[in-house]
Amino acid sequence: MERYIRNNILSLEPYSTARDDFKGGDISVWLDANESPYPNGVNRYPDPHQKKLKDRISRLFNIAPESVFIGGAGSDEAIDIVFRVFCEPGNDNAIAITPSYGVYKVAAAINDVEIREVLLNDDFSLPAERLLSAADEKSKLLWICSPNNPTGNAFPKKDILEIADRFDGIVIVDEAYADFSEKGSLIEDIDEHPNIVVLRTFSKAWGLAGLRAGIAIANKNIIKYFDRVKYPYNMSSIIQNELLRHIEAGTGNHIPETTEEREKLAAGLRKVNCVKTVYPSDANFILVKVTDADDLYGYLIDNGVIVRNRTHMPLCADTLRITVGTPGENRRVLKLFKNYKSICNETPGERRTSTVCRKTSETQITVAVDLDRNIESYIDTGLKFLDHMLWQIPHHAGIALDITCHGDLEVDEHHTMEDVAIALGETLLKALGDKRGIERYGFVLPMDESRAMVLIDLGGRIDFQWDVTFTREYIGDTPTEIFRHFFHSLCCAMKCNLHISARGENNHHIIEGVFKAFARALKMAVKKDEFNYELPSSKGIL
Ligand SMILES: *Cc1c(COP(=O)(O)O)cnc(C)c1O
């Protein structure tokens with residue numbers, strides 16, 4: 001391996017930390033590293049060799065601890081270190097597949113290393129001959145990402161091994177997504193193929209992207225040099241401990257759910273008109289070819305959903321890369337895809353739509369409304385009964401309504417109810433815009449036996465009246481007393497007069513009647529008279 005390593009790295013005398021000199025013994029007074037002696041949890045330097053962590057990770061992958069390098073800035077650190085260990089700046093070059101992960105190219109540029117990008121075959125398979133023929137005597141590295149980002153496919157192991165056998169240099173296999181793939185890992189091949197470096201990360205399947213922990217796995221004669229080049233204390237003690245804790249607990253490991261959801265999402269996307277191709281995926285994302293990626297990308301953002309637009313990457317014209325989310329998030333994305341066509345046929349400006357994202361330490365909410373389109377709605381607040389009530393609004397007001405909320409339901413329902421009401425009120429107010437041409441008032445007369453009555457005035461002044469009596473403390477998972485607070489919050493956020501009264505026997509009917517009556521009142525009030533462009537106010541302002 002030595003002949004691939006830069007001369008200055010071969011002869012590098014690495015920085016020796018205070019703790020490197022210490023060869024063991026019964027020490028109770030640590031005065032070797034100029035640390036503060038006053039304990040606060042982090043007053044001591046972390047283990048520069050991450051010994052405990054390396055042992056644990058080596059067991060995880062069934063390899064020797066000497067074959068593990070741990071990057072404290074994710075696998076991005078490992079990518080950079082590969083260039084620094086092997087490539088002479090301004091002289092050596094590296095080969096990489098394209099389209100692929102963007103960091104290889106940036107790291108190459110930072111290290112002043114020429115990168116020779118080789119286009120994948122049209123079916124995204126590995127172009128072995130073209131990769132090898134791009135190499136010359138100064139080609140030190142060959143980058144393969146498998147499963148590949150953004151195409152999603154894993155390459156057959158035998159294709160990669162064949163390239164490693166024939167390439168006179170280091171083959172780096174970035175397996176960031178290998179946990180989601182059934183095509184196997186190259187980790188088990190590092191002994192027989194000492195020129196392979198495998199990259200893994202804790203950012204994807206392990207759910208620890210915020211920790212920034214990535215690893216390189218290779219022959220110990222390579223890893224030795226990685227450890228010499230890295231910053232001595234490249235991973236804090238907090239992160240080392242946190243990582244150990246997560247590995248022990250196996251937390252964040254949602255691989256079965258994710259792969260199941262991936263297949264569901266893929267199947268759903270295949271049925272959508274604006275989707276031309278759903279590429280098979282061995283990862284936790286799906287690449288889709290659509291009719292117009294830029295337009296669909298913007299439309300999704302307008303509706304509070306962000307995906308990755310890959311349209312400008314080679315072989316990827318009009319593609320979007322969609323990460324597999326929670327079941328609720330995936331349903332929402334599918335719904336947006338389904339609605340896309342019907343919406344994009346409209347002339348912009350005809351529709352009154354708005355989206356509000358509201359994020360506090362207690363709740364994360366996205367609400368989107370379209371006052372002029374009765375397309376499919378989506379509601380998921382985590383509170384079953386509230387969802388049931390909120391569904392009355394799109395249904396009976398004839399509007400489209402999307403609500404997703406991740407709230408602190410482990411505390412209680414209060415914050416979710418309150419914040420959904422505020423976000424809904426703000427969204428409705430925003431969608432109304434300058435209010436030109438609206439009917440402004442809405443009311444219903446007493447309905448059915450439940451006698452629910454909701455009067456509304458969107459004039460801009462706030463007044464709230466509530467005359468509803470319940471005889472039960474709870475309906476479903478929701479306490480009845482919170483409904484007054486819900487509508488009061490909604491009323492204030494929407495800046496309207498809202499008078500609600502209801503009487504009845506059955507508590508479920510009473511509150512459902514209130515939501516239905518609210519929806520009807522809203523429908524009347526937001527309705528636009530298409531020939532009237534005036535403000536419904538003698539004052540000229542609302
Ligand atoms: C996400 C990703 C990584 C992980 O990077 P970290 O720095 O470990 O978060 C590595 N390679 C590819 C191809 C990725 O998509």
# chains A, B, ... in the order shown; residues from 1 in each chain; ligands from 1
$ residues_near_ligand --ligand "ligand 1" --cutoff "6 Å" --atoms "only C-alpha atoms and all ligand atoms" --output "MDAnalysis selection string"
chainID A and resid 74:76 101 145 149 174 176 201 203 209 212:214
$ write_last_selection --atoms "N, CA and C atoms" --output "tab-separated table (two decimals), in the first residue's frame"
chain	number	residue	atom	x	y	z
A	74	GLY	N	-18.41	13.79	10.09
A	74	GLY	CA	-19.12	12.89	9.21
A	74	GLY	C	-18.19	12.23	8.22
A	75	SER	N	-18.75	11.52	7.22
A	75	SER	CA	-17.84	10.90	6.25
A	75	SER	C	-17.20	11.96	5.37
A	76	ASP	N	-17.72	13.18	5.41
A	76	ASP	CA	-17.06	14.25	4.66
A	76	ASP	C	-15.61	14.42	5.11
A	101	TYR	N	-22.34	11.77	-5.67
A	101	TYR	CA	-22.28	12.67	-4.52
A	101	TYR	C	-21.34	13.85	-4.82
A	145	CYS	N	-19.80	5.31	-5.55
A	145	CYS	CA	-20.79	5.46	-4.48
A	145	CYS	C	-21.86	4.39	-4.71
A	149	ASN	N	-25.83	7.93	-4.88
A	149	ASN	CA	-26.63	9.13	-4.69
A	149	ASN	C	-26.33	10.04	-5.88
A	174	ASP	N	-18.22	4.40	-1.36
A	174	ASP	CA	-19.02	5.14	-0.38
A	174	ASP	C	-20.33	4.40	-0.17
A	176	ALA	N	-22.73	4.97	2.10
A	176	ALA	CA	-23.57	5.73	3.03
A	176	ALA	C	-24.97	5.13	3.16
A	201	THR	N	-21.55	5.84	7.20
A	201	THR	CA	-21.91	7.03	7.98
A	201	THR	C	-22.98	6.68	8.99
A	203	SER	N	-25.09	9.03	9.63
A	203	SER	CA	-26.05	10.11	9.35
A	203	SER	C	-27.35	9.62	8.73
A	209	ALA	N	-27.56	12.24	12.00
A	209	ALA	CA	-26.91	13.23	11.13
A	209	ALA	C	-26.38	14.42	11.94
A	212	ARG	N	-22.63	14.16	13.41
A	212	ARG	CA	-21.50	14.25	12.49
A	212	ARG	C	-20.49	13.14	12.76
A	213	ALA	N	-20.87	11.94	12.48
A	213	ALA	CA	-19.96	10.81	12.66
A	213	ALA	C	-19.97	9.93	11.42
A	214	GLY	N	-18.80	9.81	10.80
A	214	GLY	CA	-18.67	8.94	9.63
A	214	GLY	C	-17.45	8.07	9.82
$ select_by_dssp --residues "segment 386-493 of chain A" --states "strand (DSSP E)" --output "CSV table (one decimal) with all heavy atoms, in the first residue's frame"
chain,number,residue,atom,x,y,z
A,400,ALA,N,-59.6,23.3,-0.1
A,400,ALA,CA,-58.5,22.3,0.1
A,400,ALA,C,-57.7,22.7,1.3
A,400,ALA,O,-57.4,23.9,1.5
A,400,ALA,CB,-57.6,22.2,-1.1
A,401,LEU,N,-57.5,21.8,2.2
A,401,LEU,CA,-56.8,22.1,3.5
A,401,LEU,C,-55.8,21.0,3.8
A,401,LEU,O,-56.2,19.8,3.8
A,401,LEU,CB,-57.9,22.2,4.6
A,401,LEU,CG,-57.4,22.5,6.0
A,401,LEU,CD1,-56.7,23.8,6.1
A,401,LEU,CD2,-58.6,22.4,7.0
A,402,ASP,N,-54.6,21.4,4.0
A,402,ASP,CA,-53.6,20.5,4.4
A,402,ASP,C,-53.1,20.9,5.8
A,402,ASP,O,-52.6,22.0,6.0
A,402,ASP,CB,-52.3,20.5,3.5
A,402,ASP,CG,-52.5,19.7,2.3
A,402,ASP,OD1,-53.6,19.2,2.1
A,402,ASP,OD2,-51.5,19.6,1.5
A,403,ILE,N,-53.1,20.0,6.8
A,403,ILE,CA,-52.6,20.3,8.1
A,403,ILE,C,-51.7,19.1,8.5
A,403,ILE,O,-52.2,18.0,8.6
A,403,ILE,CB,-53.7,20.5,9.1
A,403,ILE,CG1,-54.7,21.6,8.7
A,403,ILE,CG2,-53.1,20.9,10.5
A,403,ILE,CD1,-55.8,21.9,9.6
A,404,THR,N,-50.4,19.4,8.8
A,404,THR,CA,-49.6,18.4,9.5
A,404,THR,C,-49.1,19.0,10.8
A,404,THR,O,-48.6,20.2,10.7
A,404,THR,CB,-48.4,17.9,8.7
A,404,THR,OG1,-48.0,19.0,7.9
A,404,THR,CG2,-48.7,16.7,7.8
A,405,CYS,N,-49.1,18.3,11.8
A,405,CYS,CA,-48.6,18.8,13.1
A,405,CYS,C,-47.9,17.7,13.8
A,405,CYS,O,-48.4,16.6,14.0
A,405,CYS,CB,-49.8,19.3,13.9
A,405,CYS,SG,-49.3,19.9,15.6
A,406,HIS,N,-46.6,18.1,14.3
A,406,HIS,CA,-45.9,17.2,15.2
A,406,HIS,C,-45.9,18.0,16.5
A,406,HIS,O,-45.1,18.9,16.7
A,406,HIS,CB,-44.5,16.9,14.8
A,406,HIS,CG,-44.4,16.2,13.4
A,406,HIS,ND1,-44.8,14.9,13.3
A,406,HIS,CD2,-44.2,16.6,12.2
A,406,HIS,CE1,-44.6,14.5,12.0
A,406,HIS,NE2,-44.3,15.6,11.3
A,407,GLY,N,-46.7,17.6,17.4
A,407,GLY,CA,-46.8,18.4,18.7
A,407,GLY,C,-46.4,17.6,19.9
A,407,GLY,O,-46.1,16.3,19.8
A,441,TYR,N,-69.4,38.2,5.0
A,441,TYR,CA,-70.2,37.6,6.1
A,441,TYR,C,-70.5,36.2,5.8
A,441,TYR,O,-70.8,35.8,4.6
A,441,TYR,CB,-71.5,38.4,6.3
A,441,TYR,CG,-71.2,39.8,6.6
A,441,TYR,CD1,-71.5,40.8,5.6
A,441,TYR,CD2,-70.8,40.2,7.8
A,441,TYR,CE1,-71.3,42.2,5.9
A,441,TYR,CE2,-70.7,41.6,8.1
A,441,TYR,CZ,-70.9,42.5,7.1
A,441,TYR,OH,-70.7,43.9,7.4
A,442,GLY,N,-70.7,35.4,6.8
A,442,GLY,CA,-71.2,34.1,6.7
A,442,GLY,C,-72.0,33.7,7.9
A,442,GLY,O,-71.6,34.2,9.0
A,443,PHE,N,-73.0,33.0,7.7
A,443,PHE,CA,-73.8,32.5,8.9
A,443,PHE,C,-74.5,31.3,8.6
A,443,PHE,O,-74.7,31.0,7.4
A,443,PHE,CB,-74.7,33.6,9.4
A,443,PHE,CG,-75.8,33.9,8.3
A,443,PHE,CD1,-77.0,33.3,8.4
A,443,PHE,CD2,-75.5,34.8,7.3
A,443,PHE,CE1,-77.9,33.5,7.4
A,443,PHE,CE2,-76.5,35.1,6.4
A,443,PHE,CZ,-77.7,34.4,6.4
A,453,MET,N,-74.7,27.0,15.7
A,453,MET,CA,-74.8,28.2,14.9
A,453,MET,C,-73.4,29.0,14.9
A,453,MET,O,-72.9,29.2,16.0
A,453,MET,CB,-75.9,29.1,15.4
A,453,MET,CG,-76.0,30.4,14.7
A,453,MET,SD,-77.6,31.2,15.1
A,453,MET,CE,-77.2,31.9,16.7
A,454,VAL,N,-72.9,29.3,13.8
A,454,VAL,CA,-71.7,30.0,13.7
A,454,VAL,C,-71.8,31.2,12.8
A,454,VAL,O,-72.3,31.1,11.7
A,454,VAL,CB,-70.5,29.1,13.1
A,454,VAL,CG1,-69.3,29.9,12.9
A,454,VAL,CG2,-70.3,27.9,14.1
A,455,LEU,N,-71.6,32.4,13.4
A,455,LEU,CA,-71.7,33.6,12.6
A,455,LEU,C,-70.2,34.2,12.4
A,455,LEU,O,-69.5,34.1,13.3
A,455,LEU,CB,-72.5,34.7,13.4
A,455,LEU,CG,-73.8,34.2,14.0
A,455,LEU,CD1,-74.5,35.3,14.7
A,455,LEU,CD2,-74.7,33.6,12.9
A,456,ILE,N,-70.0,34.6,11.2
A,456,ILE,CA,-68.6,35.0,10.9
A,456,ILE,C,-68.6,36.4,10.2
A,456,ILE,O,-69.5,36.6,9.4
A,456,ILE,CB,-67.8,34.0,10.2
A,456,ILE,CG1,-66.3,34.2,10.3
A,456,ILE,CG2,-68.2,33.9,8.7
A,456,ILE,CD1,-65.5,32.9,9.9
A,457,ASP,N,-67.7,37.2,10.5
A,457,ASP,CA,-67.5,38.5,9.7
A,457,ASP,C,-66.0,38.6,9.5
A,457,ASP,O,-65.2,38.7,10.5
A,457,ASP,CB,-68.0,39.7,10.5
A,457,ASP,CG,-67.7,41.0,9.8
A,457,ASP,OD1,-67.1,40.9,8.7
A,457,ASP,OD2,-67.9,42.0,10.4
A,463,ASP,N,-63.7,39.7,17.5
A,463,ASP,CA,-64.6,39.5,18.7
A,463,ASP,C,-65.0,38.1,18.7
A,463,ASP,O,-65.2,37.5,17.7
A,463,ASP,CB,-65.8,40.4,18.5
A,463,ASP,CG,-66.6,40.5,19.9
A,463,ASP,OD1,-66.2,41.3,20.7
A,463,ASP,OD2,-67.5,39.6,20.1
A,464,PHE,N,-65.0,37.5,19.9
A,464,PHE,CA,-65.3,36.1,20.0
A,464,PHE,C,-66.4,35.9,21.0
A,464,PHE,O,-66.3,36.4,22.1
A,464,PHE,CB,-64.0,35.4,20.4
A,464,PHE,CG,-64.2,33.9,20.5
A,464,PHE,CD1,-64.5,33.1,19.4
A,464,PHE,CD2,-64.1,33.2,21.8
A,464,PHE,CE1,-64.6,31.7,19.5
A,464,PHE,CE2,-64.3,31.9,21.9
A,464,PHE,CZ,-64.5,31.1,20.8
A,465,GLN,N,-67.4,35.2,20.6
A,465,GLN,CA,-68.5,34.8,21.5
A,465,GLN,C,-68.7,33.3,21.5
A,465,GLN,O,-68.7,32.7,20.5
A,465,GLN,CB,-69.9,35.4,21.1
A,465,GLN,CG,-69.8,36.9,20.9
A,465,GLN,CD,-69.9,37.7,22.2
A,465,GLN,OE1,-70.5,37.2,23.2
A,465,GLN,NE2,-69.3,38.9,22.2
A,466,TRP,N,-68.8,32.7,22.7
A,466,TRP,CA,-68.9,31.2,22.8
A,466,TRP,C,-70.0,30.9,23.7
A,466,TRP,O,-70.0,31.3,24.9
A,466,TRP,CB,-67.5,30.7,23.3
A,466,TRP,CG,-67.4,29.2,23.5
A,466,TRP,CD1,-67.5,28.6,24.7
A,466,TRP,CD2,-67.2,28.2,22.5
A,466,TRP,NE1,-67.3,27.2,24.5
A,466,TRP,CE2,-67.1,27.0,23.2
A,466,TRP,CE3,-67.0,28.2,21.2
A,466,TRP,CZ2,-66.9,25.8,22.6
A,466,TRP,CZ3,-66.7,27.0,20.5
A,466,TRP,CH2,-66.7,25.8,21.2
A,467,ASP,N,-71.0,30.1,23.2
A,467,ASP,CA,-72.0,29.7,24.1
A,467,ASP,C,-72.4,28.2,23.8
A,467,ASP,O,-73.3,27.9,23.0
A,467,ASP,CB,-73.3,30.6,23.9
A,467,ASP,CG,-74.5,30.2,24.7
A,467,ASP,OD1,-74.2,29.4,25.7
A,467,ASP,OD2,-75.6,30.6,24.4
A,468,VAL,N,-71.5,27.4,24.2
A,468,VAL,CA,-71.6,25.9,23.9
A,468,VAL,C,-71.4,25.2,25.2
A,468,VAL,O,-70.5,25.5,26.0
A,468,VAL,CB,-70.5,25.5,22.9
A,468,VAL,CG1,-70.7,24.0,22.6
A,468,VAL,CG2,-70.6,26.3,21.7
A,474,TYR,N,-64.6,14.5,28.1
A,474,TYR,CA,-63.8,14.1,27.0
A,474,TYR,C,-64.7,13.7,25.8
A,474,TYR,O,-65.7,13.0,26.0
A,474,TYR,CB,-62.9,13.0,27.3
A,474,TYR,CG,-61.5,13.4,27.8
A,474,TYR,CD1,-61.3,13.7,29.1
A,474,TYR,CD2,-60.4,13.5,26.9
A,474,TYR,CE1,-60.0,14.1,29.6
A,474,TYR,CE2,-59.2,13.9,27.3
A,474,TYR,CZ,-59.0,14.2,28.7
A,474,TYR,OH,-57.7,14.6,29.1
A,475,ILE,N,-64.2,14.0,24.6
A,475,ILE,CA,-64.8,13.3,23.4
A,475,ILE,C,-63.6,12.7,22.7
A,475,ILE,O,-62.7,13.4,22.3
A,475,ILE,CB,-65.5,14.2,22.5
A,475,ILE,CG1,-66.5,15.2,23.2
A,475,ILE,CG2,-66.3,13.4,21.4
A,475,ILE,CD1,-67.1,16.2,22.4
A,478,THR,N,-59.9,14.0,23.2
A,478,THR,CA,-59.8,15.4,23.3
A,478,THR,C,-60.8,16.0,24.4
A,478,THR,O,-61.9,15.7,24.4
A,478,THR,CB,-60.3,16.1,22.0
A,478,THR,OG1,-59.5,15.5,21.0
A,478,THR,CG2,-60.0,17.6,22.0
A,479,PRO,N,-60.2,16.7,25.4
A,479,PRO,CA,-61.1,17.3,26.5
A,479,PRO,C,-62.0,18.4,25.9
A,479,PRO,O,-61.5,19.2,25.0
A,479,PRO,CB,-60.1,17.9,27.5
A,479,PRO,CG,-58.8,17.8,26.8
A,479,PRO,CD,-58.8,17.1,25.5
$ select_by_dssp --residues "segment 62-241 of chain A" --states "helix (DSSP H, G or I)" --output "PyMOL selection string"
chain A and resi 65-67+75-86+103-110+128-133+157-166+178-180+187-189+209-211+220-229+237-241
$ residues_around --residues "His312 of chain A" --least-positions-apart "5" --cutoff "10 Å" --atoms "only C-alpha atoms" --output "PyMOL selection string"
chain A and resi 99+293-294+317-319
$ closest_residue --among "A:Val290, A:Val68, A:Val444, A:Ala107" --to "Cys87 of chain A" --atoms "only C-alpha atoms"
A:Ala107
$ residues_around --residues "Phe483 of chain A" --least-positions-apart "5" --cutoff "9 Å" --atoms "only C-alpha atoms" --output "list in words"
Met417, Thr478, His488 and Ile511 of chain A
$ write_last_selection --atoms "N, CA and C atoms" --output "PDB file, in the first residue's frame"
ATOM      1  N   MET A 417     -53.592  21.732  19.986  1.00  0.00           N
ATOM      2  CA  MET A 417     -54.883  22.356  19.661  1.00  0.00           C
ATOM      3  C   MET A 417     -54.705  23.858  19.415  1.00  0.00           C
ATOM      4  N   THR A 478     -59.913  13.999  23.187  1.00  0.00           N
ATOM      5  CA  THR A 478     -59.839  15.445  23.323  1.00  0.00           C
ATOM      6  C   THR A 478     -60.757  15.951  24.445  1.00  0.00           C
ATOM      7  N   HIS A 488     -61.213  30.323  19.898  1.00  0.00           N
ATOM      8  CA  HIS A 488     -60.762  31.666  20.269  1.00  0.00           C
ATOM      9  C   HIS A 488     -59.410  31.977  19.600  1.00  0.00           C
ATOM     10  N   ILE A 511     -70.239  19.175  18.970  1.00  0.00           N
ATOM     11  CA  ILE A 511     -68.999  19.789  18.480  1.00  0.00           C
ATOM     12  C   ILE A 511     -68.830  19.569  16.976  1.00  0.00           C
TER      13      ILE A 511
END
$ residues_around --residues "Gly152 of chain A" --least-positions-apart "5" --cutoff "7 Å" --atoms "only C-alpha atoms" --output "JSON, numbers by chain"
{"A": [147, 280, 281, 282, 283, 285, 286, 287]}
$ write_last_selection --atoms "N, CA, C and O atoms" --output "PDB file, in the first residue's frame"
ATOM      1  N   PRO A 147     -24.961   2.095  -2.546  1.00  0.00           N
ATOM      2  CA  PRO A 147     -25.925   2.646  -3.490  1.00  0.00           C
ATOM      3  C   PRO A 147     -25.575   4.089  -3.852  1.00  0.00           C
ATOM      4  O   PRO A 147     -25.154   4.847  -2.983  1.00  0.00           O
ATOM      5  N   PRO A 280     -35.652   2.309  -9.580  1.00  0.00           N
ATOM      6  CA  PRO A 280     -35.561   1.411  -8.422  1.00  0.00           C
ATOM      7  C   PRO A 280     -34.509   1.926  -7.443  1.00  0.00           C
ATOM      8  O   PRO A 280     -33.486   2.481  -7.859  1.00  0.00           O
ATOM      9  N   SER A 281     -34.761   1.770  -6.152  1.00  0.00           N
ATOM     10  CA  SER A 281     -33.845   2.329  -5.155  1.00  0.00           C
ATOM     11  C   SER A 281     -33.392   1.290  -4.145  1.00  0.00           C
ATOM     12  O   SER A 281     -34.190   0.489  -3.661  1.00  0.00           O
ATOM     13  N   ASP A 282     -32.095   1.309  -3.833  1.00  0.00           N
ATOM     14  CA  ASP A 282     -31.539   0.511  -2.741  1.00  0.00           C
ATOM     15  C   ASP A 282     -31.205   1.416  -1.559  1.00  0.00           C
ATOM     16  O   ASP A 282     -30.438   1.029  -0.679  1.00  0.00           O
ATOM     17  N   ALA A 283     -31.765   2.625  -1.551  1.00  0.00           N
ATOM     18  CA  ALA A 283     -31.395   3.605  -0.520  1.00  0.00           C
ATOM     19  C   ALA A 283     -32.652   4.098   0.211  1.00  0.00           C
ATOM     20  O   ALA A 283     -33.714   3.495   0.107  1.00  0.00           O
ATOM     21  N   PHE A 285     -34.056   6.983  -0.417  1.00  0.00           N
ATOM     22  CA  PHE A 285     -34.619   8.049  -1.246  1.00  0.00           C
ATOM     23  C   PHE A 285     -35.006   7.440  -2.580  1.00  0.00           C
ATOM     24  O   PHE A 285     -34.601   6.311  -2.908  1.00  0.00           O
ATOM     25  N   ILE A 286     -35.781   8.184  -3.321  1.00  0.00           N
ATOM     26  CA  ILE A 286     -36.230   7.705  -4.631  1.00  0.00           C
ATOM     27  C   ILE A 286     -35.969   8.806  -5.649  1.00  0.00           C
ATOM     28  O   ILE A 286     -36.271   9.976  -5.400  1.00  0.00           O
ATOM     29  N   LEU A 287     -35.391   8.423  -6.773  1.00  0.00           N
ATOM     30  CA  LEU A 287     -35.214   9.371  -7.869  1.00  0.00           C
ATOM     31  C   LEU A 287     -36.372   9.167  -8.839  1.00  0.00           C
ATOM     32  O   LEU A 287     -36.664   8.033  -9.226  1.00  0.00           O
TER      33      LEU A 287
END
$ closest_residue --among "A:Arg332, A:Lys527, A:Lys158, A:Lys289" --to "Ile306 of chain A" --atoms "only C-alpha atoms"
A:Arg332
$ closest_residue --among "A:Ser361, A:Arg351, A:Ser377, A:Leu199" --to "Leu336 of chain A" --atoms "only C-alpha atoms"
A:Ser377
$ atom_distance --atom1 "atom CA of Ala368 of chain A" --atom2 "atom CA of Ala267 of chain A"
25.3 Å
$ decode --residues "segment 270-284 of chain A" --atoms "N, CA, C and O atoms" --output "tab-separated table (two decimals), in the first residue's frame"
chain	number	residue	atom	x	y	z
A	270	ARG	N	-45.64	5.80	-9.07
A	270	ARG	CA	-45.78	5.23	-10.41
A	270	ARG	C	-47.16	5.49	-11.01
A	270	ARG	O	-47.32	5.49	-12.22
A	271	LYS	N	-48.16	5.70	-10.13
A	271	LYS	CA	-49.53	5.91	-10.64
A	271	LYS	C	-49.84	7.37	-10.96
A	271	LYS	O	-50.92	7.70	-11.42
A	272	VAL	N	-48.89	8.26	-10.66
A	272	VAL	CA	-49.17	9.69	-10.81
A	272	VAL	C	-48.84	10.16	-12.24
A	272	VAL	O	-47.82	9.77	-12.80
A	273	ASN	N	-49.73	10.98	-12.79
A	273	ASN	CA	-49.57	11.43	-14.18
A	273	ASN	C	-48.26	12.14	-14.47
A	273	ASN	O	-47.63	11.90	-15.49
A	274	CYS	N	-47.86	13.06	-13.58
A	274	CYS	CA	-46.69	13.88	-13.89
A	274	CYS	C	-45.38	13.13	-13.66
A	274	CYS	O	-44.31	13.67	-13.89
A	275	VAL	N	-45.45	11.88	-13.19
A	275	VAL	CA	-44.23	11.08	-12.98
A	275	VAL	C	-44.02	10.16	-14.17
A	275	VAL	O	-44.88	9.36	-14.50
A	276	LYS	N	-42.85	10.30	-14.82
A	276	LYS	CA	-42.60	9.45	-16.00
A	276	LYS	C	-41.88	8.17	-15.63
A	276	LYS	O	-42.16	7.12	-16.17
A	277	THR	N	-40.88	8.26	-14.74
A	277	THR	CA	-40.12	7.07	-14.33
A	277	THR	C	-39.85	7.14	-12.83
A	277	THR	O	-39.47	8.18	-12.32
A	278	VAL	N	-40.04	6.02	-12.16
A	278	VAL	CA	-39.60	5.89	-10.77
A	278	VAL	C	-38.45	4.90	-10.80
A	278	VAL	O	-38.65	3.72	-11.10
A	279	TYR	N	-37.23	5.37	-10.54
A	279	TYR	CA	-36.08	4.48	-10.62
A	279	TYR	C	-36.03	3.58	-9.39
A	279	TYR	O	-36.33	4.03	-8.29
A	280	PRO	N	-35.65	2.31	-9.58
A	280	PRO	CA	-35.56	1.41	-8.42
A	280	PRO	C	-34.51	1.93	-7.44
A	280	PRO	O	-33.49	2.48	-7.86
A	281	SER	N	-34.76	1.77	-6.15
A	281	SER	CA	-33.84	2.33	-5.15
A	281	SER	C	-33.39	1.29	-4.15
A	281	SER	O	-34.19	0.49	-3.66
A	282	ASP	N	-32.09	1.31	-3.83
A	282	ASP	CA	-31.54	0.51	-2.74
A	282	ASP	C	-31.21	1.42	-1.56
A	282	ASP	O	-30.44	1.03	-0.68
A	283	ALA	N	-31.77	2.62	-1.55
A	283	ALA	CA	-31.39	3.61	-0.52
A	283	ALA	C	-32.65	4.10	0.21
A	283	ALA	O	-33.71	3.49	0.11
A	284	ASN	N	-32.54	5.21	0.94
A	284	ASN	CA	-33.71	5.74	1.63
A	284	ASN	C	-34.26	6.97	0.89
A	284	ASN	O	-34.79	7.89	1.50
